[in-house]
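Quick look at work-v8.cif (mmCIF, C-alpha atoms):
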data_model
loop_
_atom_site.label_atom_id
_atom_site.label_comp_id
_atom_site.auth_asym_id
_atom_site.auth_seq_id
_atom_site.Cartn_x
_atom_site.Cartn_y
_atom_site.Cartn_z
CA MET A 1 0.00 0.00 0.00
CA ARG A 2 2.78 2.38 0.88
CA GLU A 3 4.59 1.48 -2.29
CA LYS A 4 1.51 2.20 -4.28
CA LEU A 5 1.04 5.53 -2.54
CA ARG A 6 4.68 6.44 -3.17
CA ARG A 7 4.40 5.60 -6.83
CA GLU A 8 1.24 7.66 -7.07
CA ARG A 9 2.93 10.62 -5.45
CA GLU A 10 5.88 10.23 -7.78
CA ARG A 11 3.63 10.11 -10.79
CA THR A 12 1.75 13.16 -9.53
CA ARG A 13 5.05 15.02 -9.05
CA ARG A 14 6.21 14.15 -12.55
CA LEU A 15 2.87 15.21 -13.94
CA ARG A 16 3.12 18.52 -12.12
CA GLU A 17 6.64 19.05 -13.40
CA LEU A 18 5.54 18.09 -16.89
CA ASN A 19 2.60 20.41 -16.57
CA LYS A 20 4.86 23.26 -15.47
CA LYS A 21 7.24 22.47 -18.30
CA MET A 22 4.39 22.47 -20.79
CA GLU A 23 3.08 25.71 -19.32
CA ARG A 24 6.52 27.23 -19.78
CA GLU A 25 6.65 25.94 -23.36
CA ILE A 26 3.16 27.26 -24.00
CA GLU A 27 4.16 30.62 -22.58
CA SER A 28 7.30 30.55 -24.68
CA LEU A 29 5.31 29.63 -27.76
CA GLN A 30 2.80 32.35 -27.02
CA ASN A 31 5.63 34.83 -26.67
CA GLU A 32 7.08 33.58 -29.96
CA VAL A 33 3.70 33.88 -31.63
CA THR A 34 3.36 37.41 -30.28
CA ARG A 35 6.86 38.22 -31.49
CA LEU A 36 6.13 36.73 -34.89
CA ARG A 37 2.87 38.63 -35.11
CA ARG A 38 4.68 41.86 -34.30
CA LYS A 39 7.32 41.01 -36.86
CA LEU A 40 4.62 40.25 -39.40
CA GLU A 41 2.95 43.57 -38.65
CA GLU A 42 6.29 45.30 -39.02
CA LEU A 43 6.86 43.52 -42.30
CA LYS A 44 3.39 44.47 -43.44
CA ASP A 45 4.03 48.08 -42.46
CA GLU A 46 7.40 47.98 -44.20
CA GLU A 47 5.85 46.39 -47.28
CA ALA A 48 3.13 49.01 -47.25
CA ARG A 49 5.78 51.70 -46.96
CA GLU A 50 7.71 50.11 -49.81
CA ILE A 51 4.55 49.95 -51.90
CA ARG A 52 3.80 53.57 -51.08
CA LYS A 53 7.40 54.43 -51.78
CA GLU A 54 7.25 52.56 -55.10
CA ARG A 55 3.98 54.25 -56.02
CA THR A 56 5.38 57.63 -55.03
CA TYR A 57 8.53 56.92 -57.01
CA GLN A 58 6.50 55.85 -60.06
CA ARG A 59 4.27 58.91 -59.75
CA LEU A 60 7.31 61.15 -59.55
CA GLN A 61 8.78 59.33 -62.54
CA ASP A 62 5.58 59.91 -64.52
CA GLU A 63 5.44 63.57 -63.48
CA THR A 64 9.10 64.00 -64.38
CA GLN A 65 8.52 62.43 -67.80
CA ASN A 66 5.49 64.64 -68.34
CA LEU A 67 7.54 67.68 -67.41
CA ARG A 68 10.30 66.57 -69.78
CA ASP A 69 7.77 66.11 -72.58
CA ARG A 70 6.26 69.53 -71.88
CA LEU A 71 9.73 71.08 -71.72
CA LYS A 72 10.63 69.45 -75.04
CA LYS A 73 7.41 70.72 -76.61
CA VAL A 74 7.84 74.24 -75.23
CA THR A 75 11.48 74.27 -76.33
CA ALA A 76 10.47 73.22 -79.85
CA GLU A 77 7.76 75.90 -79.92
CA LEU A 78 10.21 78.49 -78.64
CA GLU A 79 12.72 77.51 -81.31
CA ALA A 80 10.00 77.73 -83.96
CA TYR A 81 9.00 81.19 -82.71
CA ARG A 82 12.65 82.23 -82.64
CA GLU A 83 13.13 81.06 -86.22
CA ARG A 84 9.93 82.81 -87.24
CA PHE A 85 11.02 85.99 -85.46
CA ASN A 86 14.42 85.87 -87.15
CA ALA A 87 12.72 85.21 -90.49
CA LEU A 88 10.56 88.30 -89.93
CA LYS A 89 13.44 90.33 -88.56
CA ARG A 90 15.81 89.62 -91.45
CA PRO A 91 13.74 91.18 -94.27
CA ARG A 92 12.89 94.17 -92.07
CA GLU A 93 16.57 94.73 -91.37
CA LEU A 94 17.37 94.35 -95.07
CA GLU A 95 14.43 96.64 -95.87
CA SER A 96 15.70 99.29 -93.45
CA ARG A 97 19.10 99.10 -95.18
CA GLY A 98 17.46 99.30 -98.59
CA GLU A 99 18.56 95.80 -99.56
CA MET A 100 15.07 94.24 -99.63
CA ILE A 101 11.86 95.81 -100.95
CA PRO A 102 8.39 94.66 -99.83
CA LEU A 103 5.80 94.11 -102.55
CA LYS A 104 2.04 94.54 -102.27
CA PRO A 105 0.47 91.48 -103.93
CA VAL A 106 -2.60 91.58 -106.17
CA GLU A 107 -3.97 88.11 -106.85
CA ARG A 108 -6.09 89.06 -109.87
CA PHE A 109 -5.71 92.19 -111.96
CA THR A 110 -9.42 92.99 -111.88
CA ARG A 111 -11.47 95.66 -110.13
CA SER A 112 -12.49 93.27 -107.34
CA GLY A 113 -8.92 91.98 -107.08
CA LEU A 114 -7.61 95.53 -106.67
CA GLU A 115 -10.24 96.40 -104.06
CA ARG A 116 -9.32 93.30 -102.07
CA SER A 117 -5.61 94.15 -102.22
CA PHE A 118 -6.28 97.81 -101.28
CA LYS A 119 -8.18 96.61 -98.22
CA LEU A 120 -5.76 93.87 -97.12
CA TYR A 121 -2.42 95.54 -97.84
CA HIS A 122 -3.29 99.26 -97.72
CA VAL A 123 -1.79 100.08 -101.11
CA ARG A 124 -0.58 103.69 -101.13
CA VAL A 125 1.75 106.14 -102.86
CA GLY A 126 5.23 104.79 -103.57
CA ASP A 127 4.35 101.09 -103.15
CA HIS A 128 5.78 98.37 -105.34
CA ILE A 129 3.01 96.13 -106.74
CA LEU A 130 3.20 92.45 -107.63
CA LEU A 131 0.48 91.17 -109.97
CA LEU A 132 0.22 87.43 -109.45
CA ASP A 133 -2.01 87.28 -112.52
CA GLY A 134 -1.83 90.37 -114.73
CA SER A 135 -3.87 89.02 -117.62
CA GLY A 136 -7.33 90.20 -116.59
CA GLY A 137 -6.94 93.97 -116.48
CA GLY A 138 -7.47 96.60 -119.14
CA SER A 139 -7.06 100.36 -119.31
CA SER A 140 -9.68 101.20 -116.64
CA THR A 141 -8.19 98.70 -114.16
CA ALA A 142 -4.71 100.05 -114.80
CA GLU A 143 -6.03 103.60 -114.33
CA THR A 144 -7.45 102.65 -110.92
CA LEU A 145 -4.11 101.26 -109.77
CA ALA A 146 -2.04 104.06 -111.32
CA LYS A 147 -4.07 106.72 -109.50
CA ARG A 148 -2.93 105.19 -106.22
CA GLY A 149 0.51 106.59 -106.99
CA VAL A 150 2.32 103.25 -107.03
CA LYS A 151 5.97 103.28 -108.03
CA VAL A 152 6.49 100.03 -109.95
CA VAL A 153 4.24 97.24 -111.23
CA LEU A 154 5.75 93.76 -111.41
CA THR A 155 3.78 90.98 -113.05
CA ARG A 156 4.22 87.22 -113.27
CA THR A 157 2.09 86.99 -116.42
CA PRO A 158 1.76 89.20 -119.52
CA MET A 159 -0.53 92.25 -119.32
CA ALA A 160 -2.84 93.66 -121.96
CA HIS A 161 -1.10 96.36 -124.01
CA GLN A 162 -3.87 98.83 -123.06
CA ALA A 163 -2.90 98.45 -119.39
CA VAL A 164 0.80 98.84 -120.21
CA GLU A 165 0.05 102.05 -122.12
CA VAL A 166 -1.85 103.50 -119.15
CA PHE A 167 1.00 102.74 -116.75
CA SER A 168 3.45 104.23 -119.24
CA LYS A 169 1.32 107.39 -119.41
CA TYR A 170 1.65 107.72 -115.62
CA GLY A 171 5.39 107.01 -115.76
CA ILE A 172 5.04 103.68 -113.93
CA PRO A 173 7.43 100.95 -115.11
CA THR A 174 5.85 97.55 -115.81
CA ILE A 175 8.21 94.59 -115.51
CA LYS A 176 7.67 90.92 -116.29
CA ILE A 177 9.40 88.84 -113.62
CA LYS A 178 10.22 85.20 -112.90
CA ASP A 179 9.18 83.33 -109.77
CA GLY A 180 12.84 83.07 -108.78
CA ASP A 181 13.08 86.86 -108.53
CA ILE A 182 10.65 86.90 -105.58
CA GLU A 183 11.23 85.77 -101.99
CA TRP A 184 8.13 84.84 -99.98
CA ILE A 185 8.48 85.42 -96.24
CA GLU A 186 5.55 84.74 -93.89
CA GLY A 187 3.20 84.81 -96.87
CA LEU A 188 4.38 88.18 -98.20
CA PRO A 189 6.52 88.79 -101.30
CA TYR A 190 9.86 90.62 -101.24
CA ILE A 191 12.42 91.41 -103.90
CA LYS A 192 16.08 92.27 -103.49
CA SER A 193 16.86 95.84 -104.46
CA THR A 194 19.77 94.65 -106.63
CA ILE A 195 17.44 92.40 -108.65
CA LEU A 196 14.84 95.16 -109.00
CA ARG A 197 17.51 97.62 -110.08
CA LYS A 198 18.70 95.25 -112.82
CA LEU A 199 15.12 94.64 -113.96
CA LEU A 200 14.44 98.38 -114.09
CA GLU A 201 17.63 99.01 -116.05
CA ALA A 202 16.72 96.25 -118.51
CA SER A 203 13.19 97.68 -118.79
CA ARG A 204 14.54 101.18 -119.49
CA GLU A 205 16.90 99.80 -122.13
CA GLU A 206 14.02 97.97 -123.80
CA GLU A 207 11.90 101.13 -123.62
CA SER A 208 14.74 103.18 -125.11
CA GLU A 209 15.27 100.65 -127.90
CA ARG A 210 11.54 100.62 -128.60
CA ALA A 211 11.44 104.43 -128.67
CA ILE A 212 14.48 104.54 -130.97
CA LYS A 213 12.83 102.05 -133.33
CA GLU A 214 9.61 104.08 -133.35
CA ILE A 215 11.56 107.28 -134.06
CA SER A 216 13.53 105.47 -136.77
CA LEU A 217 10.30 104.28 -138.36
CA ILE A 218 8.86 107.81 -138.25
CA LEU A 219 12.04 109.26 -139.78
CA GLU A 220 12.13 106.56 -142.44
CA GLU A 221 8.50 107.24 -143.31
CA HIS A 222 9.25 110.96 -143.47
CA ARG A 223 12.26 110.34 -145.77
CA ARG A 224 10.16 108.19 -148.09
CA GLU A 225 7.56 110.91 -148.26
CA LEU A 226 10.21 113.53 -149.08
CA ARG A 227 11.74 111.32 -151.79
CA TYR A 228 8.33 110.69 -153.23
CA ARG A 229 7.67 114.41 -153.41
CA THR A 230 11.08 115.35 -154.87
CA GLU A 231 11.15 112.52 -157.41
CA GLY A 232 7.99 113.45 -159.24
CA GLY A 233 5.08 112.61 -157.06
CA PRO A 234 1.62 113.99 -157.76
CA SER A 235 2.52 117.32 -156.16
CA ALA A 236 5.46 117.83 -158.59
CA SER A 237 3.19 117.98 -161.67
#
Target encoding structure tokens, full file:
Amino acid sequence: MREKLRRERERTRRLRELNKKMEREIESLQNEVTRLRRKLEELKDEEAREIRKERTYQRLQDETQNLRDRLKKVTAELEAYRERFNALKRPRELESRGEMIPLKPVERFTRSGLERSFKLYHVRVGDHILLLDGSGGGSSTAETLAKRGVKVVLTRTPMAHQAVEVFSKYGIPTIKIKDGDIEWIEGLPYIKSTILRKLLEASREEESERAIKEISLILEEHRRELRYRTEGGPSAS
């Protein structure tokens, strides 16, 4: 009986020790679980921060790229404006130095074409005129333009002789030009003063030659008439 009681006590003691050991292990495991949970939360927080950081980084990357694209576009526009400004500035500088002469264009040499040009380009005394198509105008159209007091009339196509005669009466040179003689800048025609000077000189030479021929014809006709009279024409009998 005593032996049985002793064994029972011993078993109870071992069970208590085992129970305490298991309680310690449980506590240790609980602590480990708590630690792991905290670590997991920290990892989650860190992952969330990394995700936020990655999103922020990507957003900044996108914004930076957008800014670069906008900067590239604005730079290209600025360069285009600079080129346009220089293109506008160059003829004005040459014009101020007398090297380039602006022309007032007339699309069609008709009454309506002149009215449109007068309204758009404010044609006035001393202007140089460019007829893009000079074939439609006659004496009355030429008279309308001549009375504006223009200095020179350039034309890309032939004009009616009646119009040429009217301009000649007003002392306005009319010159047939080639497309290569004209420079178009921002939609407006210009001509170099050296080219215009050569064209005017050539026009004057042609006019002089034509006048000399006309005078020669008149003199020749007069000589024939004199010979006819002195050699026994009807008046001699």
List the residues selected by the PyMOL selection byres ((chain A and resi 106-115) around 12) in the file shown, writing them as a short mmCIF file (atom, residue, chain, number, x, y, z; two decimals) with C-alpha atoms, in the frame of the given file.
data_model
loop_
_atom_site.label_atom_id
_atom_site.label_comp_id
_atom_site.auth_asym_id
_atom_site.auth_seq_id
_atom_site.Cartn_x
_atom_site.Cartn_y
_atom_site.Cartn_z
CA LEU A 103 5.80 94.11 -102.55
CA LYS A 104 2.04 94.54 -102.27
CA PRO A 105 0.47 91.48 -103.93
CA ARG A 116 -9.32 93.30 -102.07
CA SER A 117 -5.61 94.15 -102.22
CA PHE A 118 -6.28 97.81 -101.28
CA LYS A 119 -8.18 96.61 -98.22
CA LEU A 120 -5.76 93.87 -97.12
CA TYR A 121 -2.42 95.54 -97.84
CA HIS A 122 -3.29 99.26 -97.72
CA VAL A 123 -1.79 100.08 -101.11
CA HIS A 128 5.78 98.37 -105.34
CA ILE A 129 3.01 96.13 -106.74
CA LEU A 130 3.20 92.45 -107.63
CA LEU A 131 0.48 91.17 -109.97
CA LEU A 132 0.22 87.43 -109.45
CA ASP A 133 -2.01 87.28 -112.52
CA GLY A 134 -1.83 90.37 -114.73
CA SER A 135 -3.87 89.02 -117.62
CA GLY A 136 -7.33 90.20 -116.59
CA GLY A 137 -6.94 93.97 -116.48
CA GLY A 138 -7.47 96.60 -119.14
CA SER A 139 -7.06 100.36 -119.31
CA SER A 140 -9.68 101.20 -116.64
CA THR A 141 -8.19 98.70 -114.16
CA ALA A 142 -4.71 100.05 -114.80
CA GLU A 143 -6.03 103.60 -114.33
CA THR A 144 -7.45 102.65 -110.92
CA LEU A 145 -4.11 101.26 -109.77
CA ALA A 146 -2.04 104.06 -111.32
CA ARG A 148 -2.93 105.19 -106.22
CA VAL A 153 4.24 97.24 -111.23
CA LEU A 154 5.75 93.76 -111.41
CA THR A 155 3.78 90.98 -113.05
CA ARG A 156 4.22 87.22 -113.27
CA THR A 157 2.09 86.99 -116.42
CA PRO A 158 1.76 89.20 -119.52
CA MET A 159 -0.53 92.25 -119.32
CA ALA A 160 -2.84 93.66 -121.96
CA ALA A 163 -2.90 98.45 -119.39
CA LEU A 188 4.38 88.18 -98.20
CA PRO A 189 6.52 88.79 -101.30
#
Need to verify the contact set: A:Glu99, 12 Å, all atoms listed in the file, exclusion of same-chain residues closer than 3 positions in sequence. Can you return it as a PDB file with C-alpha atoms, in the coordinates of the input?
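Once everything was written out, this is selection_18.pdb:
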ATOM      1  CA  ARG A  90      15.810  89.620 -91.450  1.00  0.00           C
ATOM      2  CA  PRO A  91      13.740  91.180 -94.270  1.00  0.00           C
ATOM      3  CA  ARG A  92      12.890  94.170 -92.070  1.00  0.00           C
ATOM      4  CA  GLU A  93      16.570  94.730 -91.370  1.00  0.00           C
ATOM      5  CA  LEU A  94      17.370  94.350 -95.070  1.00  0.00           C
ATOM      6  CA  GLU A  95      14.430  96.640 -95.870  1.00  0.00           C
ATOM      7  CA  SER A  96      15.700  99.290 -93.450  1.00  0.00           C
ATOM      8  CA  PRO A 102       8.390  94.660 -99.830  1.00  0.00           C
ATOM      9  CA  TYR A 190       9.860  90.620-101.240  1.00  0.00           C
ATOM     10  CA  ILE A 191      12.420  91.410-103.900  1.00  0.00           C
ATOM     11  CA  LYS A 192      16.080  92.270-103.490  1.00  0.00           C
ATOM     12  CA  SER A 193      16.860  95.840-104.460  1.00  0.00           C
ATOM     13  CA  THR A 194      19.770  94.650-106.630  1.00  0.00           C
ATOM     14  CA  ILE A 195      17.440  92.400-108.650  1.00  0.00           C
ATOM     15  CA  LEU A 196      14.840  95.160-109.000  1.00  0.00           C
ATOM     16  CA  ARG A 197      17.510  97.620-110.080  1.00  0.00           C
TER      17      ARG A 197
END
Hits from the PyMOL selection byres ((chain A and resi 199-216) around 9), listed as an MDAnalysis selection string = chainID A and resid 173:177 194:198 217:221
Using C-alpha atoms, can you export the residues from the last selection as a compact mmCIF listing (two decimals), in the coordinates of the input?
# COMPACT_ATOMS: atom_id res chain seq x y z
CA PRO A 173 7.43 100.95 -115.11
CA THR A 174 5.85 97.55 -115.81
CA ILE A 175 8.21 94.59 -115.51
CA LYS A 176 7.67 90.92 -116.29
CA ILE A 177 9.40 88.84 -113.62
CA THR A 194 19.77 94.65 -106.63
CA ILE A 195 17.44 92.40 -108.65
CA LEU A 196 14.84 95.16 -109.00
CA ARG A 197 17.51 97.62 -110.08
CA LYS A 198 18.70 95.25 -112.82
CA LEU A 217 10.30 104.28 -138.36
CA ILE A 218 8.86 107.81 -138.25
CA LEU A 219 12.04 109.26 -139.78
CA GLU A 220 12.13 106.56 -142.44
CA GLU A 221 8.50 107.24 -143.31
In Å, rounded to a single decimal, give me how far atom CA of A:Phe85 is from atom CA of A:Glu186.
->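 Pair atom CA of A:Glu186 / atom CA of A:Phe85 returns 10.1 Å.
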Interatomic distance between atom CA of A:Lys178 and atom CA of A:Val166?
-> 22.8 Å
Nearest candidate to A:Met100 (options A:Lys151, A:Leu29, A:Gln58, A:Glu183; using only C-alpha atoms) =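 Among the listed residues, the smallest separation from A:Met100 belongs to A:Glu183.
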Find the distance between atom CA of A:Arg24 and atom CA of A:Glu10 and write it in Å to one decimal.
->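 Distance reported for this atom pair: 20.8 Å.
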To test the calculation: enclose all listed atoms of stretch 186-192 of chain A in a box whose edges run along x, y and z, add 8 Å on each side, then state centre and edge lengths in Å to one decimal, as lines of an AutoDock Vina configuration file.
center_x = 9.6
center_y = 88.5
center_z = -98.9
size_x = 28.9
size_y = 23.5
size_z = 26.0
Could you add whatever atoms are missing so that stretch 217-228 of chain A carries all heavy atoms, then write the result as a short mmCIF file (atom, residue, chain, number, x, y, z; two decimals), in the coordinates of the input?
data_model
loop_
_atom_site.label_atom_id
_atom_site.label_comp_id
_atom_site.auth_asym_id
_atom_site.auth_seq_id
_atom_site.Cartn_x
_atom_site.Cartn_y
_atom_site.Cartn_z
N LEU A 217 11.38 104.55 -137.42
CA LEU A 217 10.30 104.28 -138.36
C LEU A 217 9.65 105.58 -138.83
O LEU A 217 9.32 105.74 -140.02
CB LEU A 217 9.25 103.37 -137.71
CG LEU A 217 9.67 101.91 -137.49
CD1 LEU A 217 8.60 101.17 -136.69
CD2 LEU A 217 9.89 101.21 -138.83
N ILE A 218 9.46 106.51 -137.89
CA ILE A 218 8.86 107.81 -138.25
C ILE A 218 9.77 108.56 -139.21
O ILE A 218 9.32 109.13 -140.23
CB ILE A 218 8.59 108.64 -136.98
CG1 ILE A 218 7.49 107.98 -136.14
CG2 ILE A 218 8.20 110.07 -137.34
CD1 ILE A 218 7.29 108.61 -134.78
N LEU A 219 11.09 108.57 -138.91
CA LEU A 219 12.04 109.26 -139.78
C LEU A 219 12.10 108.61 -141.16
O LEU A 219 12.16 109.30 -142.19
CB LEU A 219 13.43 109.25 -139.14
CG LEU A 219 13.60 110.13 -137.90
CD1 LEU A 219 14.98 109.93 -137.28
CD2 LEU A 219 13.38 111.60 -138.25
N GLU A 220 12.09 107.27 -141.16
CA GLU A 220 12.13 106.56 -142.44
C GLU A 220 10.89 106.87 -143.27
O GLU A 220 10.97 107.08 -144.50
CB GLU A 220 12.24 105.06 -142.19
CG GLU A 220 12.37 104.22 -143.45
CD GLU A 220 13.63 104.55 -144.24
OE1 GLU A 220 14.63 104.99 -143.62
OE2 GLU A 220 13.60 104.39 -145.47
N GLU A 221 9.74 106.91 -142.61
CA GLU A 221 8.50 107.24 -143.31
C GLU A 221 8.55 108.67 -143.84
O GLU A 221 8.11 108.95 -144.97
CB GLU A 221 7.32 107.07 -142.34
CG GLU A 221 5.97 107.37 -142.95
CD GLU A 221 5.59 106.37 -144.03
OE1 GLU A 221 6.11 105.22 -144.00
OE2 GLU A 221 4.78 106.73 -144.91
N HIS A 222 9.13 109.56 -143.05
CA HIS A 222 9.25 110.96 -143.47
C HIS A 222 10.20 111.07 -144.66
O HIS A 222 9.93 111.83 -145.62
CB HIS A 222 9.76 111.80 -142.30
CG HIS A 222 9.84 113.26 -142.60
ND1 HIS A 222 8.74 114.04 -142.90
CD2 HIS A 222 10.92 114.11 -142.67
CE1 HIS A 222 9.11 115.28 -143.12
NE2 HIS A 222 10.44 115.35 -142.99
N ARG A 223 11.31 110.32 -144.64
CA ARG A 223 12.26 110.34 -145.77
C ARG A 223 11.60 109.82 -147.04
O ARG A 223 11.80 110.37 -148.14
CB ARG A 223 13.48 109.50 -145.43
CG ARG A 223 14.39 110.09 -144.37
CD ARG A 223 15.71 109.35 -144.33
NE ARG A 223 16.50 109.74 -143.18
CZ ARG A 223 16.59 109.04 -142.06
NH1 ARG A 223 15.92 107.89 -141.94
NH2 ARG A 223 17.32 109.48 -141.04
N ARG A 224 10.84 108.74 -146.91
CA ARG A 224 10.16 108.19 -148.09
C ARG A 224 9.19 109.20 -148.68
O ARG A 224 9.07 109.34 -149.90
CB ARG A 224 9.42 106.90 -147.71
CG ARG A 224 10.33 105.69 -147.58
CD ARG A 224 9.53 104.39 -147.69
NE ARG A 224 8.53 104.30 -146.62
CZ ARG A 224 8.74 103.71 -145.46
NH1 ARG A 224 9.93 103.17 -145.19
NH2 ARG A 224 7.79 103.65 -144.55
N GLU A 225 8.50 109.90 -147.78
CA GLU A 225 7.56 110.91 -148.26
C GLU A 225 8.28 112.05 -148.97
O GLU A 225 7.83 112.54 -150.02
CB GLU A 225 6.75 111.45 -147.08
CG GLU A 225 5.64 112.41 -147.50
CD GLU A 225 4.80 112.87 -146.33
OE1 GLU A 225 4.93 112.27 -145.23
OE2 GLU A 225 4.04 113.84 -146.50
N LEU A 226 9.44 112.47 -148.43
CA LEU A 226 10.21 113.53 -149.08
C LEU A 226 10.73 113.08 -150.44
O LEU A 226 10.69 113.84 -151.42
CB LEU A 226 11.39 113.95 -148.18
CG LEU A 226 11.03 114.77 -146.93
CD1 LEU A 226 12.28 115.01 -146.09
CD2 LEU A 226 10.39 116.10 -147.33
N ARG A 227 11.24 111.84 -150.51
CA ARG A 227 11.74 111.32 -151.79
C ARG A 227 10.62 111.25 -152.82
O ARG A 227 10.80 111.56 -153.99
CB ARG A 227 12.38 109.94 -151.59
CG ARG A 227 13.77 109.99 -150.98
CD ARG A 227 14.51 108.68 -151.20
NE ARG A 227 13.79 107.55 -150.61
CZ ARG A 227 14.01 107.12 -149.37
NH1 ARG A 227 14.90 107.73 -148.59
NH2 ARG A 227 13.33 106.10 -148.91
N TYR A 228 9.48 110.82 -152.32
CA TYR A 228 8.33 110.69 -153.23
C TYR A 228 7.96 112.05 -153.82
O TYR A 228 7.65 112.18 -155.01
CB TYR A 228 7.16 110.09 -152.46
CG TYR A 228 5.91 109.93 -153.28
CD1 TYR A 228 5.80 108.92 -154.23
CD2 TYR A 228 4.83 110.81 -153.10
CE1 TYR A 228 4.65 108.78 -154.98
CE2 TYR A 228 3.68 110.68 -153.84
CZ TYR A 228 3.59 109.65 -154.78
OH TYR A 228 2.45 109.52 -155.52
#
